[in-house]
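**Student:** Sharing query-v8.cif, mmCIF, C-alpha atoms:
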```
data_target
#
loop_
_atom_site.label_atom_id
_atom_site.label_comp_id
_atom_site.auth_asym_id
_atom_site.auth_seq_id
_atom_site.Cartn_x
_atom_site.Cartn_y
_atom_site.Cartn_z
CA MET A 491 -87.56 47.90 -53.39
CA SER A 492 -87.01 44.33 -52.25
CA ALA A 493 -88.79 44.81 -48.94
CA ALA A 494 -91.97 45.66 -50.82
CA VAL A 495 -91.90 42.64 -53.13
CA HIS A 496 -94.26 39.84 -52.14
CA VAL A 497 -92.78 36.34 -52.09
CA GLU A 498 -94.02 32.82 -51.46
CA GLU A 499 -91.55 30.62 -49.58
CA ALA A 500 -91.34 26.90 -48.80
CA GLY A 501 -88.65 24.68 -47.35
CA ASP A 502 -86.33 25.24 -44.44
CA GLN A 503 -83.11 23.53 -45.46
CA GLY A 504 -80.59 23.43 -48.26
CA PRO A 505 -79.53 26.11 -50.71
CA LEU A 506 -81.79 28.90 -51.95
CA LEU A 507 -83.79 28.45 -55.17
CA LEU A 508 -85.15 31.80 -56.37
CA CYS A 509 -88.01 31.51 -58.89
CA LEU A 510 -88.77 34.34 -61.33
CA HIS A 511 -92.06 34.11 -63.23
CA GLY A 512 -93.02 35.04 -66.77
CA ILE A 513 -94.47 38.33 -67.94
CA GLY A 514 -98.09 37.22 -67.57
CA SER A 515 -97.86 35.49 -64.23
CA SER A 516 -96.86 35.61 -60.57
CA SER A 517 -95.49 33.42 -57.79
CA ALA A 518 -98.57 31.22 -58.36
CA ALA A 519 -96.79 29.87 -61.45
CA PHE A 520 -94.40 27.99 -59.16
CA ALA A 521 -96.93 26.15 -57.00
CA PRO A 522 -95.59 22.75 -58.20
CA GLN A 523 -91.99 23.73 -57.43
CA LEU A 524 -92.87 25.21 -54.04
CA ALA A 525 -94.62 21.95 -53.18
CA GLU A 526 -92.09 19.44 -54.52
CA LEU A 527 -88.64 21.01 -54.51
CA SER A 528 -88.99 22.45 -51.00
CA ALA A 529 -88.14 19.01 -49.64
CA TYR A 530 -84.58 19.62 -50.89
CA VAL A 531 -84.04 23.39 -51.11
CA ARG A 532 -85.46 26.66 -49.81
CA VAL A 533 -87.78 27.81 -52.57
CA VAL A 534 -88.62 31.51 -52.90
CA ALA A 535 -90.94 32.70 -55.68
CA TRP A 536 -91.58 36.40 -56.16
CA ASP A 537 -94.38 38.53 -57.47
CA ALA A 538 -92.27 40.87 -59.60
CA PRO A 539 -92.54 44.59 -58.83
CA GLY A 540 -95.92 45.79 -60.04
CA TYR A 541 -97.40 42.28 -60.23
CA ALA A 542 -100.03 40.48 -58.15
CA ARG A 543 -99.44 41.25 -54.46
CA SER A 544 -96.32 43.38 -55.00
CA PRO A 545 -96.92 47.15 -55.02
CA ASP A 546 -96.56 49.27 -58.11
CA PRO A 547 -93.07 50.71 -58.70
CA GLU A 548 -92.69 54.43 -58.12
CA ALA A 549 -90.94 54.85 -61.48
CA ALA A 550 -90.35 52.89 -64.67
CA LEU A 551 -88.14 49.82 -64.29
CA GLY A 552 -85.69 48.41 -66.80
CA LEU A 553 -84.14 44.95 -67.00
CA ASP A 554 -81.26 46.00 -64.72
CA ASP A 555 -83.76 47.14 -62.09
CA TYR A 556 -85.53 43.77 -62.08
CA ALA A 557 -82.16 42.01 -61.85
CA ASP A 558 -81.16 44.27 -58.95
CA ALA A 559 -84.45 43.59 -57.15
CA ALA A 560 -83.82 39.85 -57.50
CA ALA A 561 -80.26 40.35 -56.26
CA ALA A 562 -81.60 42.10 -53.16
CA LEU A 563 -83.86 39.14 -52.40
CA ILE A 564 -80.87 36.81 -52.58
CA ARG A 565 -78.74 39.00 -50.32
CA GLU A 566 -81.51 39.10 -47.71
CA ARG A 567 -81.55 35.31 -47.47
CA ALA A 568 -78.23 33.80 -48.52
CA THR A 569 -74.83 34.44 -50.05
CA THR A 570 -75.80 32.79 -53.35
CA ALA A 571 -78.85 31.29 -55.01
CA HIS A 572 -79.75 28.91 -57.76
CA VAL A 573 -82.02 31.01 -59.98
CA LEU A 574 -84.94 29.53 -61.92
CA GLY A 575 -86.45 31.86 -64.48
CA VAL A 576 -89.38 31.13 -66.81
CA SER A 577 -89.73 33.18 -70.01
CA TRP A 578 -89.34 36.87 -68.99
CA GLY A 579 -88.07 35.56 -65.65
CA GLY A 580 -85.36 33.72 -67.57
CA VAL A 581 -84.25 36.95 -69.22
CA ILE A 582 -84.05 38.58 -65.78
CA ALA A 583 -82.09 35.57 -64.50
CA LEU A 584 -79.60 35.80 -67.36
CA ARG A 585 -79.03 39.52 -66.73
CA LEU A 586 -78.70 38.78 -63.00
CA ALA A 587 -75.95 36.29 -63.82
CA THR A 588 -73.97 38.85 -65.83
CA ARG A 589 -74.67 41.81 -63.52
CA HIS A 590 -74.26 40.02 -60.15
CA PRO A 591 -72.30 36.85 -60.97
CA GLU A 592 -71.16 36.43 -57.37
CA LEU A 593 -74.78 35.83 -56.29
CA VAL A 594 -75.68 33.16 -58.85
CA ALA A 595 -74.61 29.62 -57.97
CA SER A 596 -76.39 28.23 -61.03
CA LEU A 597 -79.15 29.02 -63.52
CA ILE A 598 -82.24 27.14 -64.66
CA VAL A 599 -83.68 28.96 -67.67
CA ALA A 600 -87.01 27.63 -68.91
CA ASP A 601 -88.90 28.50 -72.11
CA SER A 602 -87.01 31.75 -72.42
CA SER A 603 -85.07 33.76 -74.99
CA PRO A 604 -82.19 36.23 -75.29
CA GLY A 605 -84.89 38.96 -75.26
CA SER A 606 -87.45 40.32 -77.71
CA GLY A 607 -84.98 42.97 -78.87
CA THR A 608 -83.33 40.38 -81.10
CA ASP A 609 -86.09 40.92 -83.69
CA ASP A 610 -87.88 44.16 -84.62
CA ASP A 611 -91.24 42.48 -85.11
CA ARG A 612 -91.03 40.66 -81.78
CA ALA A 613 -90.06 43.88 -80.03
CA ALA A 614 -92.99 45.76 -81.58
CA GLY A 615 -95.38 42.96 -80.65
CA MET A 616 -94.13 42.98 -77.08
CA ARG A 617 -94.61 46.75 -76.75
CA ALA A 618 -98.13 46.48 -78.20
CA ARG A 619 -99.18 44.14 -75.39
CA ALA A 620 -99.40 46.98 -72.88
CA ASP A 621 -101.95 48.72 -75.12
CA ASP A 622 -103.89 45.47 -75.39
CA LEU A 623 -104.01 45.20 -71.60
CA ALA A 624 -105.17 48.80 -71.29
CA GLU A 625 -107.92 48.24 -73.85
CA LEU A 626 -109.14 44.81 -72.74
CA GLY A 627 -108.54 44.80 -68.99
CA PRO A 628 -106.80 41.95 -67.13
CA ARG A 629 -109.53 39.28 -67.41
CA ALA A 630 -110.19 39.56 -71.16
CA PHE A 631 -106.47 39.99 -71.80
CA ALA A 632 -105.76 36.78 -69.89
CA GLU A 633 -108.53 34.86 -71.65
CA ALA A 634 -107.07 35.88 -75.01
CA ARG A 635 -103.45 35.08 -74.18
CA GLY A 636 -103.51 32.33 -71.57
CA PRO A 637 -104.55 29.30 -73.66
CA ARG A 638 -101.56 29.83 -75.99
CA LEU A 639 -99.15 29.27 -73.12
CA VAL A 640 -99.82 25.54 -72.84
CA SER A 641 -99.96 22.74 -75.38
CA PRO A 642 -103.17 21.92 -77.28
CA GLY A 643 -103.53 18.79 -75.15
CA ALA A 644 -103.32 20.58 -71.79
CA PRO A 645 -106.14 19.76 -69.36
CA ASP A 646 -108.92 22.32 -69.01
CA ALA A 647 -108.12 22.81 -65.32
CA LEU A 648 -104.57 23.92 -66.16
CA VAL A 649 -105.79 26.33 -68.83
CA ARG A 650 -108.20 27.86 -66.30
CA HIS A 651 -105.43 28.12 -63.71
CA VAL A 652 -103.12 29.86 -66.19
CA VAL A 653 -105.85 32.32 -67.23
CA ASP A 654 -106.92 32.99 -63.64
CA THR A 655 -103.30 33.52 -62.55
CA MET A 656 -102.69 35.99 -65.36
CA ALA A 657 -105.93 37.88 -64.69
CA ALA A 658 -104.99 38.23 -61.01
CA SER A 659 -101.36 39.17 -61.70
CA VAL A 660 -101.12 41.70 -64.53
CA ARG A 661 -101.92 45.39 -64.36
CA LEU A 662 -100.55 48.69 -65.54
CA PRO A 663 -98.05 50.22 -65.19
CA GLY A 664 -96.08 47.15 -64.07
CA TYR A 665 -96.89 45.08 -67.13
CA ALA A 666 -95.88 47.92 -69.45
CA TYR A 667 -92.51 48.26 -67.70
CA ALA A 668 -91.96 44.51 -68.00
CA ALA A 669 -92.92 44.50 -71.68
CA GLU A 670 -90.53 47.35 -72.42
CA SER A 671 -87.73 45.55 -70.54
CA MET A 672 -88.29 42.54 -72.82
CA ALA A 673 -88.70 44.58 -76.00
CA SER A 674 -85.39 46.36 -75.45
CA ALA A 675 -83.44 43.27 -74.36
CA ASP A 676 -80.93 41.53 -76.62
CA LEU A 677 -78.63 39.43 -74.44
CA ARG A 678 -76.81 37.59 -77.22
CA ALA A 679 -73.53 39.47 -76.74
CA GLU A 680 -73.42 38.88 -72.96
CA LEU A 681 -74.47 35.23 -72.79
CA PRO A 682 -70.95 33.86 -73.43
CA SER A 683 -69.71 35.70 -70.32
CA ILE A 684 -72.03 33.73 -68.02
CA SER A 685 -69.92 31.42 -65.87
CA ALA A 686 -72.67 29.82 -63.79
CA PRO A 687 -73.58 26.23 -64.71
CA THR A 688 -76.86 26.46 -66.58
CA LEU A 689 -79.76 24.13 -67.31
CA VAL A 690 -81.90 25.24 -70.25
CA LEU A 691 -85.33 23.63 -70.60
CA CYS A 692 -87.98 24.13 -73.25
CA GLY A 693 -91.42 22.66 -73.76
CA GLU A 694 -91.52 20.58 -76.93
CA GLN A 695 -94.63 22.47 -78.09
CA ASP A 696 -93.64 25.96 -76.95
CA GLN A 697 -95.20 28.32 -79.50
CA VAL A 698 -94.40 31.53 -77.60
CA THR A 699 -90.63 31.84 -77.31
CA GLY A 700 -90.01 28.56 -79.13
CA VAL A 701 -87.33 25.91 -79.17
CA GLU A 702 -84.94 27.98 -81.30
CA ALA A 703 -84.71 30.74 -78.70
CA SER A 704 -83.85 28.23 -75.98
CA GLN A 705 -81.26 26.67 -78.26
CA ALA A 706 -79.71 30.10 -78.77
CA ILE A 707 -79.28 30.46 -75.01
CA ALA A 708 -77.90 26.95 -74.55
CA GLY A 709 -75.48 27.33 -77.44
CA ALA A 710 -73.99 30.57 -76.13
CA ILE A 711 -73.35 29.61 -72.49
CA HIS A 712 -70.23 27.54 -71.87
CA ARG A 713 -71.38 25.29 -69.00
CA THR A 714 -74.83 24.25 -70.09
CA ALA A 715 -77.21 21.33 -70.46
CA TYR A 716 -80.25 21.50 -72.74
CA VAL A 717 -83.48 19.55 -72.23
CA ILE A 718 -86.69 19.31 -74.23
CA VAL A 719 -89.76 18.70 -72.04
CA LYS A 720 -92.15 16.46 -73.95
CA ASP A 721 -95.91 17.11 -74.02
CA ALA A 722 -95.50 20.67 -72.76
CA GLY A 723 -96.03 24.13 -74.19
CA HIS A 724 -94.53 27.41 -73.01
CA LEU A 725 -95.29 26.80 -69.33
CA ALA A 726 -93.43 23.51 -69.07
CA ASN A 727 -92.94 23.87 -65.31
CA GLN A 728 -96.72 23.89 -64.83
CA GLU A 729 -97.78 21.51 -67.59
CA GLN A 730 -95.26 18.73 -66.86
CA PRO A 731 -94.12 19.51 -63.32
CA GLY A 732 -92.99 15.97 -62.56
CA HIS A 733 -90.55 15.81 -65.47
CA PHE A 734 -89.55 19.45 -65.04
CA ASP A 735 -88.82 19.14 -61.33
CA ALA A 736 -86.86 15.93 -61.87
CA TRP A 737 -84.53 17.73 -64.27
CA VAL A 738 -84.17 20.68 -61.91
CA LEU A 739 -83.40 18.36 -59.00
CA SER A 740 -80.82 16.51 -61.08
CA HIS A 741 -79.18 19.84 -61.92
CA LEU A 742 -79.20 20.87 -58.26
CA ARG A 743 -77.68 17.55 -57.18
CA ILE A 744 -74.77 18.26 -59.50
CA THR A 745 -74.36 21.97 -58.78
CA ALA A 746 -75.28 22.06 -55.08
CA SER A 747 -74.33 18.54 -53.97
CA ILE A 748 -77.83 17.85 -52.68
CA PRO A 749 -77.89 14.29 -51.36
CA GLU A 750 -79.97 11.56 -53.01
#
```
What does the file become when written as structure tokens?
**Tutor:**
Amino acid sequence: MSAAVHVEEAGDQGPLLLCLHGIGSSSAAFAPQLAELSAYVRVVAWDAPGYARSPDPEAALGLDDYADAAAALIRERATTAHVLGVSWGGVIALRLATRHPELVASLIVADSSPGSGTDDDRAAGMRARADDLAELGPRAFAEARGPRLVSPGAPDALVRHVVDTMAASVRLPGYAYAAESMASADLRAELPSISAPTLVLCGEQDQVTGVEASQAIAGAIHRTAYVIVKDAGHLANQEQPGHFDAWVLSHLRITASIPE
């Protein structure tokens, strides 16, 4: 599967930083990180299977399958990676760390949760999104959902970028597989087994997964730091990339001994 997954890559030195996007996005979500962090690390951002420029999977995928696909990308390029996951990408990253711990040098989990399966209403809402996409189509679906992913004060250009990225990234059946992987995920029991040093970030105004879900991750993992990103909604890495990247770089300097 990994050979078919489209990736964007930047940087030619240092450890590998693998970036896993949210359920309504693609590698385009990590444009700021590809531009800025590639001076220090090799940044690889995927289009998840069935998203954007990656082909549709031949069969339904579960959370383990996404984690295994990410593991294959790491093995192709390095012995270990620092894994940055946003939202759904964070859930994949957490499962990757419990399923393939030898591949994960550290985790950066942003605006994520232990999965939508922690709450029946959240799980039902997540499953319903695939029907919404089928009914509305990608563009109208993105215009309805995209503005909620940033703070009320986000610039219009960012809102347009988020909507355009979603419209160009999501389609069936890939989105439905992703939504089901989130709806059935409840990682609370496995989080304490994660040994990788972990940075948890959350936008101060995240109204999608919310601060409490990030706190639940940070509180369960033994080697963790927790950061609130001010003036940011759910997509903190895009809305406040300067602050976000500074925290990620600080984490990498500690965990990967990247020089000042």
**Student:** Do you know which residues lie at most 12 Å from (-82.9, 33.8, -51.9), with coordinates as in the file and all atoms listed in the file counted, and could you write them as a PyMOL selection string?
**Tutor:** chain A and resi 492+497-502+504-510+531-536+559-574+593-595
**Student:** Just how far from CA of Leu691 in chain A is CA of Ser704 in chain A, in Å to one decimal?
**Tutor:**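 Interatomic distance here is 7.2 Å.
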**Student:** Using all atoms listed in the file, find the one residue out of A:Arg638, A:Ile598, A:Thr655, A:Asp554 that sits nearest to Trp737 in chain A.
**Tutor:** A:Ile598
**Student:** Using the chain letters and numbering of this document, enumerate as a PDB file with C-alpha atoms, keeping the file's coordinate frame the residues selected by the PyMOL selection byres ((chain A and resi 515) around 7).
**Tutor:**
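Below is the file selection-v1.pdb, written as the result:
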```pdb
ATOM      1  CA  HIS A 511     -92.060  34.110 -63.230  1.00  0.00           C
ATOM      2  CA  GLY A 512     -93.020  35.040 -66.770  1.00  0.00           C
ATOM      3  CA  ILE A 513     -94.470  38.330 -67.940  1.00  0.00           C
ATOM      4  CA  GLY A 514     -98.090  37.220 -67.570  1.00  0.00           C
ATOM      5  CA  SER A 516     -96.860  35.610 -60.570  1.00  0.00           C
ATOM      6  CA  ALA A 519     -96.790  29.870 -61.450  1.00  0.00           C
ATOM      7  CA  THR A 655    -103.300  33.520 -62.550  1.00  0.00           C
ATOM      8  CA  MET A 656    -102.690  35.990 -65.360  1.00  0.00           C
ATOM      9  CA  SER A 659    -101.360  39.170 -61.700  1.00  0.00           C
TER      10      SER A 659
END
```
**Student:** Any chance you could work out the residue set of the PyMOL selection byres ((chain A and resi 634) around 12) here, as a short mmCIF file (atom, residue, chain, number, x, y, z; two decimals) with C-alpha atoms, in the coordinates of the input?
**Tutor:**
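Saved the output as part.cif:
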```cif
data_model
loop_
_atom_site.label_atom_id
_atom_site.label_comp_id
_atom_site.auth_asym_id
_atom_site.auth_seq_id
_atom_site.Cartn_x
_atom_site.Cartn_y
_atom_site.Cartn_z
CA GLY A 514 -98.09 37.22 -67.57
CA ARG A 619 -99.18 44.14 -75.39
CA ASP A 622 -103.89 45.47 -75.39
CA LEU A 623 -104.01 45.20 -71.60
CA LEU A 626 -109.14 44.81 -72.74
CA GLY A 627 -108.54 44.80 -68.99
CA PRO A 628 -106.80 41.95 -67.13
CA ARG A 629 -109.53 39.28 -67.41
CA ALA A 630 -110.19 39.56 -71.16
CA PHE A 631 -106.47 39.99 -71.80
CA ALA A 632 -105.76 36.78 -69.89
CA GLU A 633 -108.53 34.86 -71.65
CA ARG A 635 -103.45 35.08 -74.18
CA GLY A 636 -103.51 32.33 -71.57
CA PRO A 637 -104.55 29.30 -73.66
CA ARG A 638 -101.56 29.83 -75.99
CA LEU A 639 -99.15 29.27 -73.12
CA VAL A 649 -105.79 26.33 -68.83
CA ARG A 650 -108.20 27.86 -66.30
CA VAL A 652 -103.12 29.86 -66.19
CA VAL A 653 -105.85 32.32 -67.23
CA ASP A 654 -106.92 32.99 -63.64
CA MET A 656 -102.69 35.99 -65.36
CA ALA A 657 -105.93 37.88 -64.69
#
```
**Student:** From the set A:Glu750, A:Asp721, A:Glu694, A:Glu670, which residue has the shortest atom-to-atom contact distance to Ala600 in chain A, counting only C-alpha atoms?
**Tutor:**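 When distances to Ala600 in chain A are compared using only C-alpha atoms, the smallest one comes from A:Glu694.
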**Student:** Please report the interatomic distance between CA of Gly580 in chain A and CA of Arg543 in chain A in Å with one decimal.
**Tutor:**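 Taking CA of Gly580 in chain A as the start and CA of Arg543 in chain A as the end point, the length is 20.7 Å.
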**Student:** Find the residues around Ala618 in chain A up to 12 Å (all atoms listed in the file counted), leave out those fewer than 5 positions away in its own chain, and share them as a ChimeraX atom specification.
**Tutor:** /A:611-613,623-625,665-666,669-670,672-673
**Student:** Would you work out the distance separating CA of Ser747 in chain A from CA of Ile718 in chain A, expressed in Å to one decimal?
**Tutor:** 23.7 Å
**Student:** Show which residues sit within 7 Å of range 585-592 of chain A, as a PDB file with C-alpha atoms, keeping the file's coordinate frame. Count all atoms listed in the file, and ignore same-chain residues fewer than 4 positions away.
**Tutor:**
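The result, stored in out.pdb:
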```
ATOM      1  CA  ALA A 557     -82.160  42.010 -61.850  1.00  0.00           C
ATOM      2  CA  VAL A 581     -84.250  36.950 -69.220  1.00  0.00           C
ATOM      3  CA  SER A 683     -69.710  35.700 -70.320  1.00  0.00           C
ATOM      4  CA  ILE A 684     -72.030  33.730 -68.020  1.00  0.00           C
TER       5      ILE A 684
END
```
**Student:** Name every residue that the PyMOL selection byres ((chain A and resi 698-703) around 7) selects in this structure, writing the answer as a list of chain:residue names with chains first and numbers rising.
**Tutor:** A:Asp601, A:Ser602, A:Ser603, A:Pro604, A:Leu639, A:Cys692, A:Asp696, A:Gln697, A:Ser704, A:Gln705, A:Ala706, A:Ile707, A:His724
**Student:** Please determine, counting all atoms listed in the file, which residue among A:Ser641, A:Ser674, A:Thr714, A:Thr745 has the shortest atom-to-atom distance to Glu729 in chain A.
**Tutor:**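 Ranking A:Ser641, A:Ser674, A:Thr714, A:Thr745 by distance to Glu729 in chain A, first place goes to A:Ser641.
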**Student:** Here is a test: counting all atoms listed in the file, which residue of A:Asp609, A:Asp555, A:Asp646, A:Asp621 is nearest to Asp676 in chain A?
**Tutor:**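 Closest to Asp676 in chain A, using all atoms listed in the file: A:Asp609.
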**Student:** When you write range 675-689 of chain A out from the block above, keep N, CA and C atoms and present the result as a short mmCIF file (atom, residue, chain, number, x, y, z; two decimals), in the first residue's frame, please.
**Tutor:**
```cif
data_model
loop_
_atom_site.label_atom_id
_atom_site.label_comp_id
_atom_site.auth_asym_id
_atom_site.auth_seq_id
_atom_site.Cartn_x
_atom_site.Cartn_y
_atom_site.Cartn_z
N ALA A 675 -12.74 4.03 17.36
CA ALA A 675 -11.50 4.12 18.14
C ALA A 675 -11.75 4.64 19.55
N ASP A 676 -11.23 3.93 20.52
CA ASP A 676 -11.16 4.39 21.91
C ASP A 676 -9.81 3.93 22.45
N LEU A 677 -8.85 4.85 22.45
CA LEU A 677 -7.46 4.50 22.77
C LEU A 677 -7.12 4.65 24.25
N ARG A 678 -8.12 4.96 25.07
CA ARG A 678 -7.80 5.30 26.46
C ARG A 678 -7.05 4.20 27.19
N ALA A 679 -7.38 2.95 26.92
CA ALA A 679 -6.72 1.85 27.64
C ALA A 679 -5.27 1.66 27.21
N GLU A 680 -4.95 2.03 25.96
CA GLU A 680 -3.59 1.77 25.46
C GLU A 680 -2.64 2.95 25.62
N LEU A 681 -3.17 4.14 25.87
CA LEU A 681 -2.29 5.32 25.97
C LEU A 681 -1.20 5.17 27.04
N PRO A 682 -1.50 4.60 28.22
CA PRO A 682 -0.43 4.51 29.23
C PRO A 682 0.74 3.62 28.81
N SER A 683 0.55 2.79 27.78
CA SER A 683 1.64 1.91 27.34
C SER A 683 2.59 2.61 26.38
N ILE A 684 2.26 3.83 25.95
CA ILE A 684 3.13 4.53 25.01
C ILE A 684 4.39 4.99 25.72
N SER A 685 5.54 4.58 25.19
CA SER A 685 6.81 4.92 25.84
C SER A 685 7.51 6.09 25.17
N ALA A 686 7.11 6.44 23.96
CA ALA A 686 7.77 7.52 23.23
C ALA A 686 7.51 8.86 23.91
N PRO A 687 8.53 9.73 24.01
CA PRO A 687 8.29 11.07 24.53
C PRO A 687 7.30 11.80 23.62
N THR A 688 6.34 12.47 24.24
CA THR A 688 5.20 13.00 23.50
C THR A 688 4.96 14.46 23.82
N LEU A 689 4.77 15.25 22.77
CA LEU A 689 4.32 16.63 22.90
C LEU A 689 2.87 16.69 22.45
#
```
